[in-house]
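Structure first, then comments.
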Amino acid sequence: MNYVVGSGPAAISAAVALVNRGARVTILDVGKTIEPQRQAVLARLAGQPPSEWSSADLELLRGGDQKTRHGAIHSKMTYGSEYPYEDAAEPLQAAREQSTFHYSQARGGLSNVWGASLLPYRAEDIADWPIRPADLAPHYRAVLEFMPSTEIADELAEILPVFKSSPQPLEPSRQAAEFLGDLRAHRPALQRAGIRFGRSRMAVAAAGDAERSACVYCGLCLYGCPYSLIYSTAQTLRQLIDSGRVTYLDRHRVERFEPKPGGVTIHARDLAANAERTFEAERVFVGAGVVPTAWLALRSLDAFDTPLEMLDSQYFIYPFFRLRRTPGVESEALHSLAQAFLEIDDPAVSRHLVHLEIFAYSDFLKRALMETPLRFLLRHRFFAEQMLGRLLVIQGFLHSADSGRMSVVLRRDAQGRPLIHVEPKSSKRALFVSLKSGIKLMANALALRGMPVVPAIQFAEPGRSYHSGGTFPMRAKPGRFETDTLGVLPGLDRVHLVDASIFPSIPGTTITLTVMANAHRIATQSLDS
């Protein structure tokens, strides 16, 4: 029996690879789910057309502002709930107390709250990896067989290829379409400047299926799709359970691995019964998320008080004003996920791609602006139309070589409990590259037909992007806290770490697709080793 720990993107991708090879699989997971009240509202909305949705149900889905009980930390909620971040595993509490870093013990992990963006990694950005893009390519394709994608082969495919043979396009808003039209009109100048662009690629089942309606462009994406068209690995998990291809044990917190000849003993706690349990596995695939995975690996190795380094792809945000206004954005039917991608490929800015995601008007954006002093202007129709018809939001992501890092260490508290501590370490270089990216866009304002407001930059601390990992990096010749190309640490034979914990570096292009492809690769190849 092969065991998988977790139910997020890495874990489920590994599970799919294993069952497709005919292996028997049990998934151990804490598996927290959304509150029953909200689930009932979602079921009601999913069975209705938008014209029948009640204002009370929609307000519950929106969930007020997007600040959680964790203070000023901005956390993207789902359906108005912060259940993906709630702790069902007390030993991990210290991670949240020590930093802005969030992890998830929910069924589906952080795929419940992700932005759904999909891009592969470019060869130049993973030159320090012991595997190449060609090693990942068949697994990108395999992942996109069970995960929906809206990717199309447009201008961006020249540097970041597409892998989906039957895409389901998600149409951009008029504001985004006009912006993309401006970019295409000035494509040669932008390419000479090292700026590439294309439509966004999202993990969205835009055309729907036998059980779900097609996208109605209701604009609620950033709160959570009422029709569940935005992919979550909880969807694939449900399909695996229903097919009888996996055994799923939720309310189980894995606490330690004990390798033995020919297998692994898993020490876990049944949270429902508050009792210890052990499981005998041929192999274990750990996709619990970078903080829980570090807690598990370090505890299994009895590696206390040994600081390790966690990498991050830091992000920044710029408001961007187009020269031309798009009228009527507040009344348009649209989706509110990223509408377009820009890539800055200029060594004067960075040796690596700087990935930019473009967001156009949405109710989510307007509500956020109404919590700032701009609300006084937005209450006047003329100013609201002028501002919202021109405003785009750019969220940029940096390569880990340009980003700050985090220190991770396992310690015992006064009661002897093993607690993990995560401490962010800021980087002046990260801010410098973020500012250079903004200045790069300013210098090409005529070709972009708009300009970022560089002084209004919002710059996030390490860990806030959720694009983190590299605690136990893959190496051709691994050292003590490094893994081989199958994610195995010295001293933990037959335990495969499959999430971003093993990335040697983290490019700025979106992380989840490569996390899933690499997990699929490891699970597939491990059965042959």
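So you can find residues: chains in the structure tokens are A, B, ... in the order shown, residues in each start at 1, and ligands are numbered from 1 in order.
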I want to know what sits within 8 Å of Met310 (chain A), based on only C-alpha atoms, with residues of the same chain fewer than 3 positions away left out; could you give that as a tab-separated table (two decimals) with N, CA, C and O atoms, in the first residue's frame?
```
chain	number	residue	atom	x	y	z
A	405	ARG	N	13.96	35.63	1.90
A	405	ARG	CA	13.86	34.21	2.26
A	405	ARG	C	13.27	34.08	3.65
A	405	ARG	O	12.92	35.07	4.29
A	406	MET	N	13.15	32.86	4.12
A	406	MET	CA	12.64	32.62	5.46
A	406	MET	C	13.52	31.60	6.17
A	406	MET	O	14.06	30.68	5.54
A	407	SER	N	13.66	31.77	7.45
A	407	SER	CA	14.36	30.80	8.28
A	407	SER	C	13.34	29.86	8.90
A	407	SER	O	12.32	30.31	9.43
A	408	VAL	N	13.60	28.57	8.82
A	408	VAL	CA	12.70	27.55	9.35
A	408	VAL	C	13.48	26.71	10.36
A	408	VAL	O	14.57	26.21	10.05
A	468	SER	N	6.21	29.51	-2.12
A	468	SER	CA	7.38	29.28	-1.27
A	468	SER	C	7.79	27.82	-1.34
A	468	SER	O	7.01	26.95	-1.73
A	469	GLY	N	9.02	27.55	-0.96
A	469	GLY	CA	9.52	26.17	-0.95
A	469	GLY	C	11.02	26.13	-0.83
A	469	GLY	O	11.65	27.05	-0.31
A	470	GLY	N	11.62	25.06	-1.35
A	470	GLY	CA	13.08	24.95	-1.39
A	470	GLY	C	13.72	24.62	-0.06
A	470	GLY	O	14.94	24.75	0.07
A	471	THR	N	12.95	24.17	0.93
A	471	THR	CA	13.54	23.85	2.24
A	471	THR	C	14.47	22.64	2.13
A	471	THR	O	15.49	22.57	2.82
```
- Task: Tell me which protein, DNA and RNA residues are within 12 Å of Leu391 (chain A), counting only C-alpha atoms, leaving out same-chain ones fewer than 4 positions away, and put them as an MDAnalysis selection string.
- Result: chainID A and resid 175:176 179 318:327 329 358:362 365:366 369 383:387 450:453
- Message: Taking the DSSP secondary structure from the backbone, can you list the residues of region 330-443 of chain A that are helix (DSSP H, G or I), as a ChimeraX atom specification?
- Response: /A:330-331,363-369,375-378,381-388,400-402,428-443
Write a file of the just-selected residues containing C-alpha atoms, as a short mmCIF file (atom, residue, chain, number, x, y, z; two decimals), in the first residue's frame.
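out.cif was written with the following content:
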```cif
data_model
loop_
_atom_site.label_atom_id
_atom_site.label_comp_id
_atom_site.auth_asym_id
_atom_site.auth_seq_id
_atom_site.Cartn_x
_atom_site.Cartn_y
_atom_site.Cartn_z
CA GLU A 330 -19.38 48.30 -13.65
CA SER A 331 -22.28 46.84 -15.61
CA ASP A 363 -16.57 44.14 -7.67
CA PHE A 364 -13.76 42.78 -5.50
CA LEU A 365 -11.46 45.62 -6.62
CA LYS A 366 -14.09 48.29 -6.14
CA ARG A 367 -14.90 47.06 -2.62
CA ALA A 368 -11.20 47.15 -1.78
CA LEU A 369 -10.91 50.73 -3.09
CA ARG A 375 -13.97 56.18 -1.57
CA PHE A 376 -14.66 59.92 -1.38
CA LEU A 377 -13.95 60.26 -5.12
CA LEU A 378 -15.61 56.99 -6.10
CA ARG A 381 -20.24 59.01 -10.69
CA PHE A 382 -17.98 61.03 -13.00
CA PHE A 383 -14.80 60.27 -11.05
CA ALA A 384 -15.81 56.63 -10.59
CA GLU A 385 -16.29 56.16 -14.33
CA GLN A 386 -13.03 57.90 -15.19
CA MET A 387 -11.00 55.96 -12.63
CA LEU A 388 -12.52 52.49 -12.87
CA SER A 400 13.53 33.45 -5.62
CA ALA A 401 17.03 34.66 -6.56
CA ASP A 402 15.60 38.19 -6.41
CA LYS A 428 16.60 45.00 -0.46
CA ARG A 429 17.18 43.35 -3.81
CA ALA A 430 13.53 42.28 -3.97
CA LEU A 431 12.32 45.85 -3.54
CA PHE A 432 14.96 47.07 -6.00
CA VAL A 433 13.87 44.61 -8.73
CA SER A 434 10.20 45.44 -8.07
CA LEU A 435 10.91 49.14 -8.55
CA LYS A 436 12.97 48.46 -11.67
CA SER A 437 10.02 46.50 -13.04
CA GLY A 438 7.74 49.48 -12.46
CA ILE A 439 10.24 51.85 -14.06
CA LYS A 440 10.54 49.45 -17.01
CA LEU A 441 6.78 49.70 -17.55
CA MET A 442 6.93 53.51 -17.24
CA ALA A 443 9.64 53.65 -19.87
#
```
- Query: Hey, which of A:Ala210, A:Leu28, A:Leu118, A:Ala106 ends up closest to Asp270 (chain A)? Count only C-alpha atoms.
  - Reply: A:Leu28
Spatial neighbours of Glu211 (chain A), max dist 12 Å, only C-alpha atoms, sep filter under 6 positions, as a PDB file with all heavy atoms, in the first residue's frame:
```pdb
ATOM      1  N   ALA A  46     -25.580  27.180  -6.762  1.00  0.00           N
ATOM      2  CA  ALA A  46     -25.177  26.340  -7.890  1.00  0.00           C
ATOM      3  C   ALA A  46     -26.378  25.813  -8.665  1.00  0.00           C
ATOM      4  O   ALA A  46     -26.259  25.493  -9.856  1.00  0.00           O
ATOM      5  CB  ALA A  46     -24.328  25.180  -7.400  1.00  0.00           C
ATOM      6  N   GLY A  47     -27.522  25.728  -8.024  1.00  0.00           N
ATOM      7  CA  GLY A  47     -28.716  25.228  -8.683  1.00  0.00           C
ATOM      8  C   GLY A  47     -29.601  26.304  -9.254  1.00  0.00           C
ATOM      9  O   GLY A  47     -30.713  26.010  -9.723  1.00  0.00           O
ATOM     10  N   ALA A 205     -12.911  25.494 -15.504  1.00  0.00           N
ATOM     11  CA  ALA A 205     -13.733  24.722 -16.438  1.00  0.00           C
ATOM     12  C   ALA A 205     -14.777  25.653 -17.049  1.00  0.00           C
ATOM     13  O   ALA A 205     -15.971  25.576 -16.743  1.00  0.00           O
ATOM     14  CB  ALA A 205     -14.385  23.546 -15.727  1.00  0.00           C
ATOM     15  N   TYR A 227     -20.529  28.217  -9.123  1.00  0.00           N
ATOM     16  CA  TYR A 227     -20.698  26.955  -9.833  1.00  0.00           C
ATOM     17  C   TYR A 227     -19.472  26.032  -9.689  1.00  0.00           C
ATOM     18  O   TYR A 227     -19.400  25.001 -10.365  1.00  0.00           O
ATOM     19  CB  TYR A 227     -20.962  27.218 -11.311  1.00  0.00           C
ATOM     20  CG  TYR A 227     -22.251  27.960 -11.582  1.00  0.00           C
ATOM     21  CD1 TYR A 227     -22.271  29.070 -12.411  1.00  0.00           C
ATOM     22  CD2 TYR A 227     -23.451  27.553 -11.007  1.00  0.00           C
ATOM     23  CE1 TYR A 227     -23.458  29.756 -12.666  1.00  0.00           C
ATOM     24  CE2 TYR A 227     -24.638  28.229 -11.252  1.00  0.00           C
ATOM     25  CZ  TYR A 227     -24.639  29.339 -12.074  1.00  0.00           C
ATOM     26  OH  TYR A 227     -25.814  30.008 -12.322  1.00  0.00           O
ATOM     27  N   SER A 228     -18.531  26.423  -8.837  1.00  0.00           N
ATOM     28  CA  SER A 228     -17.317  25.613  -8.583  1.00  0.00           C
ATOM     29  C   SER A 228     -16.554  25.321  -9.869  1.00  0.00           C
ATOM     30  O   SER A 228     -16.008  24.225 -10.053  1.00  0.00           O
ATOM     31  CB  SER A 228     -17.677  24.303  -7.874  1.00  0.00           C
ATOM     32  OG  SER A 228     -18.298  24.558  -6.639  1.00  0.00           O
ATOM     33  N   LEU A 229     -16.476  26.314 -10.767  1.00  0.00           N
ATOM     34  CA  LEU A 229     -15.742  26.134 -12.021  1.00  0.00           C
ATOM     35  C   LEU A 229     -14.244  26.351 -11.849  1.00  0.00           C
ATOM     36  O   LEU A 229     -13.457  25.880 -12.676  1.00  0.00           O
ATOM     37  CB  LEU A 229     -16.290  27.087 -13.087  1.00  0.00           C
ATOM     38  CG  LEU A 229     -17.753  26.864 -13.495  1.00  0.00           C
ATOM     39  CD1 LEU A 229     -18.191  27.932 -14.490  1.00  0.00           C
ATOM     40  CD2 LEU A 229     -17.960  25.470 -14.065  1.00  0.00           C
TER      41      LEU A 229
END
```
- Message: With only C-alpha atoms as the counted atoms, please give the residues lying no more than 12 Å from Arg199 (chain A), apart from itself and same-chain residues fewer than 5 positions off, as a ChimeraX atom specification.
- Response: /A:117-119,150-157,162,169-173,176-181,183-184,337-343,356-359
How about saving the chosen residues, C-alpha atoms kept, as a compact mmCIF listing (two decimals), in the first residue's frame?
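Once written, part.txt looks like this:
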```txt
# COMPACT_ATOMS: atom_id res chain seq x y z
CA SER A 117 -3.07 30.88 -12.73
CA LEU A 118 -1.20 28.27 -14.77
CA LEU A 119 2.21 28.63 -16.38
CA THR A 150 -8.18 28.00 -20.42
CA GLU A 151 -4.80 28.29 -22.12
CA ILE A 152 -4.56 29.13 -25.79
CA ALA A 153 -1.51 29.28 -28.03
CA ASP A 154 -1.04 33.03 -28.38
CA GLU A 155 1.94 35.38 -28.29
CA LEU A 156 3.06 34.15 -24.88
CA ALA A 157 3.52 30.59 -26.16
CA VAL A 162 1.05 25.40 -23.86
CA PRO A 169 -11.08 29.64 -23.39
CA LEU A 170 -12.21 32.16 -20.81
CA GLU A 171 -13.06 35.42 -22.56
CA PRO A 172 -11.37 38.58 -21.24
CA SER A 173 -13.42 41.58 -20.18
CA ALA A 176 -8.75 43.63 -20.76
CA ALA A 177 -9.46 42.91 -24.42
CA GLU A 178 -8.79 46.56 -25.30
CA PHE A 179 -5.57 46.45 -23.28
CA LEU A 180 -4.44 43.29 -25.09
CA GLY A 181 -5.38 44.94 -28.39
CA LEU A 183 -0.28 45.48 -26.75
CA ARG A 184 -0.70 43.61 -30.02
CA LEU A 337 -9.48 36.43 -12.25
CA ALA A 338 -6.26 37.56 -13.91
CA GLN A 339 -7.09 38.71 -17.42
CA ALA A 340 -3.64 38.82 -19.01
CA PHE A 341 -0.02 37.92 -18.30
CA LEU A 342 3.06 40.05 -18.99
CA GLU A 343 6.62 38.78 -18.71
CA LEU A 356 3.06 40.15 -14.10
CA GLU A 357 -0.64 39.30 -13.76
CA ILE A 358 -3.15 41.90 -14.97
CA PHE A 359 -6.47 42.35 -13.20
```
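If only C-alpha atoms are the atoms counted, then among A:Ala17, A:Val41, A:Val515, A:Ala206 the closest residue to Ile502 (chain A) is A:Val515.
Among the candidates A:Leu144, A:Leu308, A:Val4, A:Ala445, the one nearest to Thr514 (chain A) when counting only C-alpha atoms is A:Leu144.
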- Excluding Ser104 (chain A) and residues on its chain fewer than 2 positions from it, collect all residues at most 9 Å away from it, counting only C-alpha atoms, and give them as a ChimeraX atom specification. /A:8,32,83-87,102,106-110,288-289,292
- Task: Pull the strand (DSSP E or B) assignments for region 21-222 of chain A out of DSSP run on the backbone, and list those residues as a ChimeraX atom specification.
- Result: /A:25-28,32,67,74,78,81,106,117,195-199,202,204,218
